[in-house]
Protein chains: 2
Amino acid sequence: MGEALVSIIEGMKRRTVDEFVKKAVELDSPLLETRVKPVSLVTIEKGENGNGVVASREDMEAMPRKRLKKGDSICLDFGDHYVGYVTLKLNSAGSPQDAPAFLRLKFAEIANEILDDSSTYEGWISKGWIQEEFIHIDVLPCELKLPRRYAFRYLEILAIDTSAKFQVVVEDAELTAVSAVSMEDVKPVEGLDEDLQKIDRASLKTLQDCMQHVFEDGPKRDRRLWIGDLRLQAKANYATFRNFDLVKRCMYLFAGLTRDDGKIGACLFTEPVMQVDDTFLWDYSLFFVSILYDYYQETKDLEIVKELWPTAYCQITLALEDMKDGVLDTEKNAMLAFIDWKDGLDRQAAAQGVWIYCLRHGKVLAQLAGDTEAEERISRLLEEALKNAVSHFWDEEQGFFVSGSSRQVSWSSQAWMVLADVFDKEKSRKLMLHLLEVNPEMGVSTPYAYHHVIEALLHVGEKEKALELMRTYWGGMIRLGADTFWEAFDPKDTNASPYGNAQVNSFCHAWSCTPAWLLREYF
Amino acid sequence: MGEALVSIIEGMKRRTVDEFVKKAVELDSPLLETRVKPVSLVTIEKGENGNGVVASREDMEAMPRKRLKKGDSICLDFGDHYVGYVTLKLNSAGSPQDAPAFLRLKFAEIANEILDDSSTYEGWISKGWIQEEFIHIDVLPCELKLPRRYAFRYLEILAIDTSAKFQVVVEDAELTAVSAVSMEDVKPVEGLDEDLQKIDRASLKTLQDCMQHVFEDGPKRDRRLWIGDLRLQAKANYATFRNFDLVKRCMYLFAGLTRDDGKIGACLFTEPVMQVDDTFLWDYSLFFVSILYDYYQETKDLEIVKELWPTAYCQITLALEDMKDGVLDTEKNAMLAFIDWKDGLDRQAAAQGVWIYCLRHGKVLAQLAGDTEAEERISRLLEEALKNAVSHFWDEEQGFFVSGSSRQVSWSSQAWMVLADVFDKEKSRKLMLHLLEVNPEMGVSTPYAYHHVIEALLHVGEKEKALELMRTYWGGMIRLGADTFWEAFDPKDTNASPYGNAQVNSFCHAWSCTPAWLLREYF
C-alpha cells in the first residue's frame, strides 16, 4: 500500500526479538541481476485521452549521433518495466566543454510521467518520490553511474544547459535490473484469452519488480514492506515464483520488530536500521495471522507455525482493545482499519469481515500449534463475531451489509463479509450478484480493494463476473499501456491519485499483482 | 576573464609540443588542504541597497538542534571565501524516514547569491555554472560527501521536501579548502590605511583561491586558465605568494598546446585532456610575450627564455596577420582584441597600446635569447607602431587618443597608450589627469580594465589619484561585503553582469587581484 495516513506516535517504544531478526537477516539473499539495454528512442506526446503515449520510435543507433544542446532531450525506452541501476556513457561534441553540463534525468514507469512537470507538484506526500535528478557534469566524457535505484521503463535525458560551444552526447545507456526472482521461472498461464494473458504477464512483472530484499509495496514508492501488500504478494508468489524464503524473511521481520506490546506494524524499514514504523492499522496487524496461515498451507512447515503462533495470537488479543460491543470501535478513529483508500468509506462492516476471516485462520493455527486454550478462546470470539456480523451489519430489507451509523452500503463491506463466510456459499453468491446489480455508489478505489471484490466473486463461484471485472479494471490499465499494475486506478479518471497528484503514484504496486494468482487458482 | 565571446572554430587543428606539456605535467603539485568549519548560522535578507546582507547570526551549536521540515532551510557561513569540497553529516528526526529527503544546496560566494532564484536565470552563458545541487537522500543518517568543488562562503541547505513524518538534521558540515598556496605565506601590507589593508587582504584571498592546479580565472566560473588573467595573476603572485612553478607550468601549457600555426589560445583546458580552446584573442596571444618577460624579470631564468622565445616570437609574427596599415584590423571582427567587456568600446587604439607594450618586452627577450634577427625586426615594428599610435590615434585638439572610425575617446585607449609609453612620462601624466578631468563616457567595466587605468596612473606617478580610484572601485566591493574581488563590478549598478544575469558572475576573479601587487610595488 502507500501511506494510508500520516501516523506519528511520539516516543513510541519498540520491541525487538533478536532471534527472529537474526533469522530474517539470514534469509536475505543477493538479488538476481540482469543487464538491460534500451530498445528504442521514443517521443512521448499527449494521446487522444489526454495521457502521454509513445508517439514515435527511433532506432537506438541514432542515439550516439544526437547532440543535445540547451533544451534538447532524448527519451529511452527500455522495453518493459524494470527496477535497477542505470549507467550512462556521456560525451561532449563540438568545441571543448567550457561549462558544466547540467542534465535532468526523468525516470518514468508509464509514458505519462514523462509529461509531468515536477515544479507543479503540490501533493501531500513527499516530492522526493518523483524520480527526477538534476546533475552537473564537470568533465565529459564520463561514465555516470547513478547511485540510486529507479523503477521505470522510460528515461528522459534533458540538457537543461550546456553552453553555446558544446553539446552532450549520450553514447550508451545500460540498466542493471534487480529482483529476487526471474520471469523465466514462471510459465505464462495457458489456454486463456489474449487479454487475460496480458493481464497475467503484467501481474507477474508487477510482482517480480516488487520482490527485492523484502516484498516491497512499490519499487518507485514506498519501496517498503507493508503487511497488507505482503499478504497478497505472498499468495501470488505461491502461485508463481514460489520464493518461500522471502515470505519467511518478511514474517520474521514483522514478528521481530513490533511495538513494545507486541503489536505488529503496518509497515517496517530495513534501512538504516531495522525498525517498525509508527503506523498501525487494525486490519493490517491482524493479517499477520492470515499470512502465517497461508504460508503453512503452502509449505506445511509446522515449525514456523509453532514459532510464530504467539506473535500471531497476540494480534488477535490486541485487536480486541480497539473493539466495542463486538465490533471495531471506529468512533475514536475512522481510519483504524485500512480496507481501501476510498473517500468516505465506512470501514466498520468490512473490518468485521477481516476479523472473522483472520479468526478462522487463527483457529487453525492454534490447533496446529497445540494451543488449546487459544483455540477455545478464538472459537468463542469467532462465534460471537459471526453473530455480530449479522446483528450489527445485516440489513435484511436492502439485502446488504451496512456499515456505521450512516448505514452505508459499500462494495468492500459485502466483499469482506463474503470472504469471511458469514453466510453459506449460495447466500453469499446471491449477495454478490445483488451487489453487481444494485451497484452501490460506495465502490472501491484501489486494485487492493478490487482484488477483494473479485476474490469474493470467485469464492462464490461467479467466475465470469469476476473475469468481467478483471477485464474492466486490470484490462483498463493494460489498454492504457501498463506494463505493470498500478497502486491506484480509476477507470473514470485516469489521473486519479490518493495523494492529490498522480506524479507520486506508484505504477508498479504489489497489491495489484493478484490476477496472476487468481487466474492460476480459479481458471 | 570570463567567456568574452563565443568562438567556435569548426575542425580547428591543434599542435601539441610534447616536451612542453611534459614539463607542465611535472610542475603540477598536490594542492594544500585546509579543514574549515562553518563559523555561524546566518539569515540573509535584502539590505538597504537591495542586495543580500547577513541580517542575523546564530551560534553553530544551534545547527544540530534544528529539524528541517518541508521548506525549512539553514544557511552556514564559513567565515571567508573558500574553494573546496564539502562533507555534510545528515540525520533524520521524528518518525522513521519514510521518503527520500530532497535537498537543495546553494553555494554562494557573496550573500546576495543566496537570494537568487535560479529558475529565473535566462543569461546567455550556461546555467550549469550556478552552484546549486538538488539531491535525494534515500537513507538517513548519511555522510554526504559532495564530489564537486565549490567556491563559496555561504552554504544554504533547504529541505525541498521531507515528509510529514520526519525532518532532516544537519549534524555537521566541513569543508576541505584547496589552493596551491597558503595565506600564511604572505605578510599583510603594513603602514597603510585600514581600508587599503582590507583591499589588500581581499586581493590576496582572491589570488589564493584562484591558484589551483593552474591559475584559474575564477574558481566558480570558468575554473580555467585564461592568459589575460594569468598575466595579472603572475605579477600579483610575484609580489605575494611567489609560487614560480605554477607560472612556469602555465607558460608551458600555453606554449605546448596551440593552434597548428603556433597561435596561443585565449584559454585552455586541462581536463579531460589537455587542449587549447578554439577561442583566440589578439591581445591575449600577444600577452604570452609579456608573461615570459615578467617571469624573467622575477627569476632571471635565462633557460626558459631561450626555450620559449620561439613561441613568444611566433605570437608577434601571427599578430601581424590581423593588422592592416600598421594597426589592428577591427573591421573584420570588432572583438578581435578583448581589452574590456565594456559595451560599445572601440578596441583599436587600446590594441595599439598592447601591441607596443608587448613589442617592448619582445625586444628584450629577443636580445636575451640572442635572436638578433628577431630583435632587429621587432625594433622596426616598434618604431613603426609608435609612429602609427600617434598618426592614427592621437587627436591633438581633444588631447586624447581616439579609436576607430567613430574616433571614440575611451579610458582604455588612454590607459594602454600610457602603459605602452607612447609619450614620455610627463606627457603621459598630463594625459591621465586630462582623462580624469574630462571623464569621457566610454569608461571601463571590469576590474581588469580598471587595473590598467590604475596601473597607468601609478606608471606616471599619480599615486593619490590611483588610490582614489582603487578606493572607489575595489573599496566599493569591500563596502558591499566582498571577501574576494569580483569578475565584474559597476559601482552604479551592483547587479551588473556581462552575461545578462549576475547569478553566473564570478565573485572571486583573478583579474581583480592586482591591488595586492600594486599596493606592494608602489606604496
# chains A, B, ... in the order shown; residues from 1 in each chain; ligands from 1

$ residues_around --residues "region 382-388 of chain B" --least-positions-apart "3" --cutoff "7 Å" --atoms "only C-alpha atoms" --output "list in words"
Gly326, Ile356, Leu359, Ile378, Ser379, Ser391, His392 and Val422 of chain B

$ interface_residues --of "chain B" --to "chain A" --cutoff "8 Å" --atoms "only C-alpha atoms" --output "PyMOL selection string"
chain B and resi 6-10+94-96+98-102+125-129+133-136+138-141+148+160-165+222+269+271-272+277-278

$ closest_residue --among "A:Tyr499, A:Trp411, A:His361, A:Tyr150" --to "Glu375 (chain A)" --atoms "only C-alpha atoms"
A:His361

$ residues_around --residues "Leu68 (chain B)" --least-positions-apart "5" --cutoff "8 Å" --atoms "only C-alpha atoms" --output "list of chain:residue names"
B:Ser73, B:Leu158, B:Ala159, B:Gln167, B:Val168, B:Val169

$ write_last_selection --atoms "N, CA, C and O atoms" --output "JSON list (two decimals), in the first residue's frame"
[["chain", "number", "residue", "atom", "x", "y", "z"],
["B", 73, "SER", "N", 15.05, 25.88, 5.86],
["B", 73, "SER", "CA", 16.44, 25.94, 5.42],
["B", 73, "SER", "C", 17.32, 26.51, 6.52],
["B", 73, "SER", "O", 16.86, 27.17, 7.44],
["B", 158, "LEU", "N", 18.44, 23.63, 2.00],
["B", 158, "LEU", "CA", 16.98, 23.74, 2.03],
["B", 158, "LEU", "C", 16.38, 22.35, 1.92],
["B", 158, "LEU", "O", 16.76, 21.58, 1.03],
["B", 159, "ALA", "N", 15.46, 22.05, 2.79],
["B", 159, "ALA", "CA", 14.70, 20.81, 2.65],
["B", 159, "ALA", "C", 13.54, 21.09, 1.70],
["B", 159, "ALA", "O", 12.53, 21.64, 2.12],
["B", 167, "GLN", "N", 12.06, 14.85, 9.80],
["B", 167, "GLN", "CA", 12.74, 16.09, 9.44],
["B", 167, "GLN", "C", 14.23, 15.77, 9.22],
["B", 167, "GLN", "O", 14.72, 14.75, 9.68],
["B", 168, "VAL", "N", 14.89, 16.65, 8.52],
["B", 168, "VAL", "CA", 16.32, 16.48, 8.27],
["B", 168, "VAL", "C", 17.11, 17.30, 9.28],
["B", 168, "VAL", "O", 16.75, 18.43, 9.60],
["B", 169, "VAL", "N", 18.17, 16.71, 9.79],
["B", 169, "VAL", "CA", 19.04, 17.40, 10.73],
["B", 169, "VAL", "C", 20.45, 17.45, 10.11],
["B", 169, "VAL", "O", 20.96, 16.43, 9.65]]

$ atom_distance --atom1 "CA of Glu376 (chain B)" --atom2 "CA of Lys363 (chain B)"
8.2 Å

$ decode --residues "region 343-373 of chain B" --atoms "N, CA, C and O atoms" --output "PDB file, in the first residue's frame"
ATOM      1  N   ASP B 343      30.554  47.572 -23.170  1.00  0.00           N
ATOM      2  CA  ASP B 343      29.693  47.654 -24.353  1.00  0.00           C
ATOM      3  C   ASP B 343      30.059  48.859 -25.202  1.00  0.00           C
ATOM      4  O   ASP B 343      30.196  49.971 -24.684  1.00  0.00           O
ATOM      5  N   GLY B 344      30.191  48.654 -26.482  1.00  0.00           N
ATOM      6  CA  GLY B 344      30.419  49.775 -27.403  1.00  0.00           C
ATOM      7  C   GLY B 344      31.854  50.248 -27.470  1.00  0.00           C
ATOM      8  O   GLY B 344      32.166  51.182 -28.216  1.00  0.00           O
ATOM      9  N   LEU B 345      32.720  49.645 -26.698  1.00  0.00           N
ATOM     10  CA  LEU B 345      34.129  50.062 -26.708  1.00  0.00           C
ATOM     11  C   LEU B 345      34.762  49.783 -28.075  1.00  0.00           C
ATOM     12  O   LEU B 345      34.655  48.677 -28.597  1.00  0.00           O
ATOM     13  N   ASP B 346      35.416  50.795 -28.617  1.00  0.00           N
ATOM     14  CA  ASP B 346      36.211  50.560 -29.823  1.00  0.00           C
ATOM     15  C   ASP B 346      37.611  50.176 -29.359  1.00  0.00           C
ATOM     16  O   ASP B 346      38.261  50.913 -28.618  1.00  0.00           O
ATOM     17  N   ARG B 347      38.063  49.017 -29.794  1.00  0.00           N
ATOM     18  CA  ARG B 347      39.274  48.438 -29.209  1.00  0.00           C
ATOM     19  C   ARG B 347      40.566  48.730 -29.986  1.00  0.00           C
ATOM     20  O   ARG B 347      41.652  48.327 -29.563  1.00  0.00           O
ATOM     21  N   GLN B 348      40.437  49.425 -31.077  1.00  0.00           N
ATOM     22  CA  GLN B 348      41.596  49.560 -31.955  1.00  0.00           C
ATOM     23  C   GLN B 348      42.776  50.304 -31.322  1.00  0.00           C
ATOM     24  O   GLN B 348      43.916  49.849 -31.393  1.00  0.00           O
ATOM     25  N   ALA B 349      42.503  51.435 -30.704  1.00  0.00           N
ATOM     26  CA  ALA B 349      43.586  52.240 -30.116  1.00  0.00           C
ATOM     27  C   ALA B 349      44.239  51.504 -28.946  1.00  0.00           C
ATOM     28  O   ALA B 349      45.472  51.427 -28.840  1.00  0.00           O
ATOM     29  N   ALA B 350      43.396  50.947 -28.070  1.00  0.00           N
ATOM     30  CA  ALA B 350      43.944  50.219 -26.924  1.00  0.00           C
ATOM     31  C   ALA B 350      44.802  49.046 -27.410  1.00  0.00           C
ATOM     32  O   ALA B 350      45.864  48.752 -26.838  1.00  0.00           O
ATOM     33  N   ALA B 351      44.346  48.389 -28.472  1.00  0.00           N
ATOM     34  CA  ALA B 351      45.109  47.267 -29.024  1.00  0.00           C
ATOM     35  C   ALA B 351      46.483  47.743 -29.482  1.00  0.00           C
ATOM     36  O   ALA B 351      47.488  47.031 -29.320  1.00  0.00           O
ATOM     37  N   GLN B 352      46.527  48.964 -30.033  1.00  0.00           N
ATOM     38  CA  GLN B 352      47.818  49.512 -30.456  1.00  0.00           C
ATOM     39  C   GLN B 352      48.742  49.657 -29.234  1.00  0.00           C
ATOM     40  O   GLN B 352      49.938  49.369 -29.314  1.00  0.00           O
ATOM     41  N   GLY B 353      48.154  50.069 -28.108  1.00  0.00           N
ATOM     42  CA  GLY B 353      48.934  50.165 -26.870  1.00  0.00           C
ATOM     43  C   GLY B 353      49.474  48.797 -26.454  1.00  0.00           C
ATOM     44  O   GLY B 353      50.650  48.658 -26.103  1.00  0.00           O
ATOM     45  N   VAL B 354      48.619  47.804 -26.512  1.00  0.00           N
ATOM     46  CA  VAL B 354      49.043  46.442 -26.158  1.00  0.00           C
ATOM     47  C   VAL B 354      50.168  45.977 -27.090  1.00  0.00           C
ATOM     48  O   VAL B 354      51.165  45.389 -26.649  1.00  0.00           O
ATOM     49  N   TRP B 355      50.014  46.272 -28.342  1.00  0.00           N
ATOM     50  CA  TRP B 355      50.998  45.885 -29.364  1.00  0.00           C
ATOM     51  C   TRP B 355      52.377  46.463 -29.018  1.00  0.00           C
ATOM     52  O   TRP B 355      53.371  45.745 -28.947  1.00  0.00           O
ATOM     53  N   ILE B 356      52.398  47.747 -28.738  1.00  0.00           N
ATOM     54  CA  ILE B 356      53.665  48.412 -28.402  1.00  0.00           C
ATOM     55  C   ILE B 356      54.238  47.844 -27.091  1.00  0.00           C
ATOM     56  O   ILE B 356      55.428  47.538 -26.989  1.00  0.00           O
ATOM     57  N   TYR B 357      53.340  47.687 -26.116  1.00  0.00           N
ATOM     58  CA  TYR B 357      53.724  47.151 -24.802  1.00  0.00           C
ATOM     59  C   TYR B 357      54.419  45.796 -24.960  1.00  0.00           C
ATOM     60  O   TYR B 357      55.481  45.541 -24.368  1.00  0.00           O
ATOM     61  N   CYS B 358      53.840  44.946 -25.789  1.00  0.00           N
ATOM     62  CA  CYS B 358      54.395  43.601 -25.961  1.00  0.00           C
ATOM     63  C   CYS B 358      55.637  43.618 -26.852  1.00  0.00           C
ATOM     64  O   CYS B 358      56.556  42.806 -26.653  1.00  0.00           O
ATOM     65  N   LEU B 359      55.658  44.516 -27.823  1.00  0.00           N
ATOM     66  CA  LEU B 359      56.863  44.613 -28.662  1.00  0.00           C
ATOM     67  C   LEU B 359      58.072  45.002 -27.811  1.00  0.00           C
ATOM     68  O   LEU B 359      59.166  44.474 -27.989  1.00  0.00           O
ATOM     69  N   ARG B 360      57.860  45.946 -26.881  1.00  0.00           N
ATOM     70  CA  ARG B 360      58.970  46.357 -25.994  1.00  0.00           C
ATOM     71  C   ARG B 360      59.518  45.150 -25.234  1.00  0.00           C
ATOM     72  O   ARG B 360      60.721  44.952 -25.118  1.00  0.00           O
ATOM     73  N   HIS B 361      58.580  44.339 -24.710  1.00  0.00           N
ATOM     74  CA  HIS B 361      59.012  43.146 -23.964  1.00  0.00           C
ATOM     75  C   HIS B 361      59.662  42.138 -24.897  1.00  0.00           C
ATOM     76  O   HIS B 361      60.657  41.506 -24.559  1.00  0.00           O
ATOM     77  N   GLY B 362      59.110  42.038 -26.100  1.00  0.00           N
ATOM     78  CA  GLY B 362      59.642  41.098 -27.077  1.00  0.00           C
ATOM     79  C   GLY B 362      61.071  41.447 -27.455  1.00  0.00           C
ATOM     80  O   GLY B 362      61.926  40.553 -27.625  1.00  0.00           O
ATOM     81  N   LYS B 363      61.329  42.726 -27.560  1.00  0.00           N
ATOM     82  CA  LYS B 363      62.668  43.180 -27.939  1.00  0.00           C
ATOM     83  C   LYS B 363      63.704  42.728 -26.900  1.00  0.00           C
ATOM     84  O   LYS B 363      64.773  42.209 -27.238  1.00  0.00           O
ATOM     85  N   VAL B 364      63.348  42.902 -25.632  1.00  0.00           N
ATOM     86  CA  VAL B 364      64.248  42.485 -24.551  1.00  0.00           C
ATOM     87  C   VAL B 364      64.476  40.969 -24.603  1.00  0.00           C
ATOM     88  O   VAL B 364      65.613  40.494 -24.479  1.00  0.00           O
ATOM     89  N   LEU B 365      63.396  40.241 -24.795  1.00  0.00           N
ATOM     90  CA  LEU B 365      63.503  38.771 -24.825  1.00  0.00           C
ATOM     91  C   LEU B 365      64.365  38.301 -25.996  1.00  0.00           C
ATOM     92  O   LEU B 365      65.178  37.383 -25.855  1.00  0.00           O
ATOM     93  N   ALA B 366      64.166  38.937 -27.146  1.00  0.00           N
ATOM     94  CA  ALA B 366      64.948  38.561 -28.330  1.00  0.00           C
ATOM     95  C   ALA B 366      66.440  38.742 -28.046  1.00  0.00           C
ATOM     96  O   ALA B 366      67.267  37.881 -28.384  1.00  0.00           O
ATOM     97  N   GLN B 367      66.710  39.839 -27.392  1.00  0.00           N
ATOM     98  CA  GLN B 367      68.092  40.133 -27.008  1.00  0.00           C
ATOM     99  C   GLN B 367      68.628  39.044 -26.084  1.00  0.00           C
ATOM    100  O   GLN B 367      69.704  38.492 -26.291  1.00  0.00           O
ATOM    101  N   LEU B 368      67.840  38.723 -25.064  1.00  0.00           N
ATOM    102  CA  LEU B 368      68.239  37.691 -24.097  1.00  0.00           C
ATOM    103  C   LEU B 368      68.420  36.340 -24.777  1.00  0.00           C
ATOM    104  O   LEU B 368      69.334  35.579 -24.444  1.00  0.00           O
ATOM    105  N   ALA B 369      67.563  36.074 -25.743  1.00  0.00           N
ATOM    106  CA  ALA B 369      67.623  34.786 -26.429  1.00  0.00           C
ATOM    107  C   ALA B 369      68.722  34.776 -27.496  1.00  0.00           C
ATOM    108  O   ALA B 369      68.994  33.735 -28.099  1.00  0.00           O
ATOM    109  N   GLY B 370      69.313  35.932 -27.700  1.00  0.00           N
ATOM    110  CA  GLY B 370      70.374  36.019 -28.699  1.00  0.00           C
ATOM    111  C   GLY B 370      69.841  35.922 -30.117  1.00  0.00           C
ATOM    112  O   GLY B 370      70.562  35.514 -31.034  1.00  0.00           O
ATOM    113  N   ASP B 371      68.573  36.304 -30.313  1.00  0.00           N
ATOM    114  CA  ASP B 371      67.945  36.225 -31.639  1.00  0.00           C
ATOM    115  C   ASP B 371      68.029  37.608 -32.288  1.00  0.00           C
ATOM    116  O   ASP B 371      67.074  38.385 -32.281  1.00  0.00           O
ATOM    117  N   THR B 372      69.184  37.886 -32.844  1.00  0.00           N
ATOM    118  CA  THR B 372      69.453  39.229 -33.378  1.00  0.00           C
ATOM    119  C   THR B 372      68.477  39.605 -34.486  1.00  0.00           C
ATOM    120  O   THR B 372      67.988  40.736 -34.545  1.00  0.00           O
ATOM    121  N   GLU B 373      68.199  38.641 -35.330  1.00  0.00           N
ATOM    122  CA  GLU B 373      67.307  38.913 -36.454  1.00  0.00           C
ATOM    123  C   GLU B 373      65.936  39.380 -35.945  1.00  0.00           C
ATOM    124  O   GLU B 373      65.397  40.372 -36.411  1.00  0.00           O
TER     125      GLU B 373
END
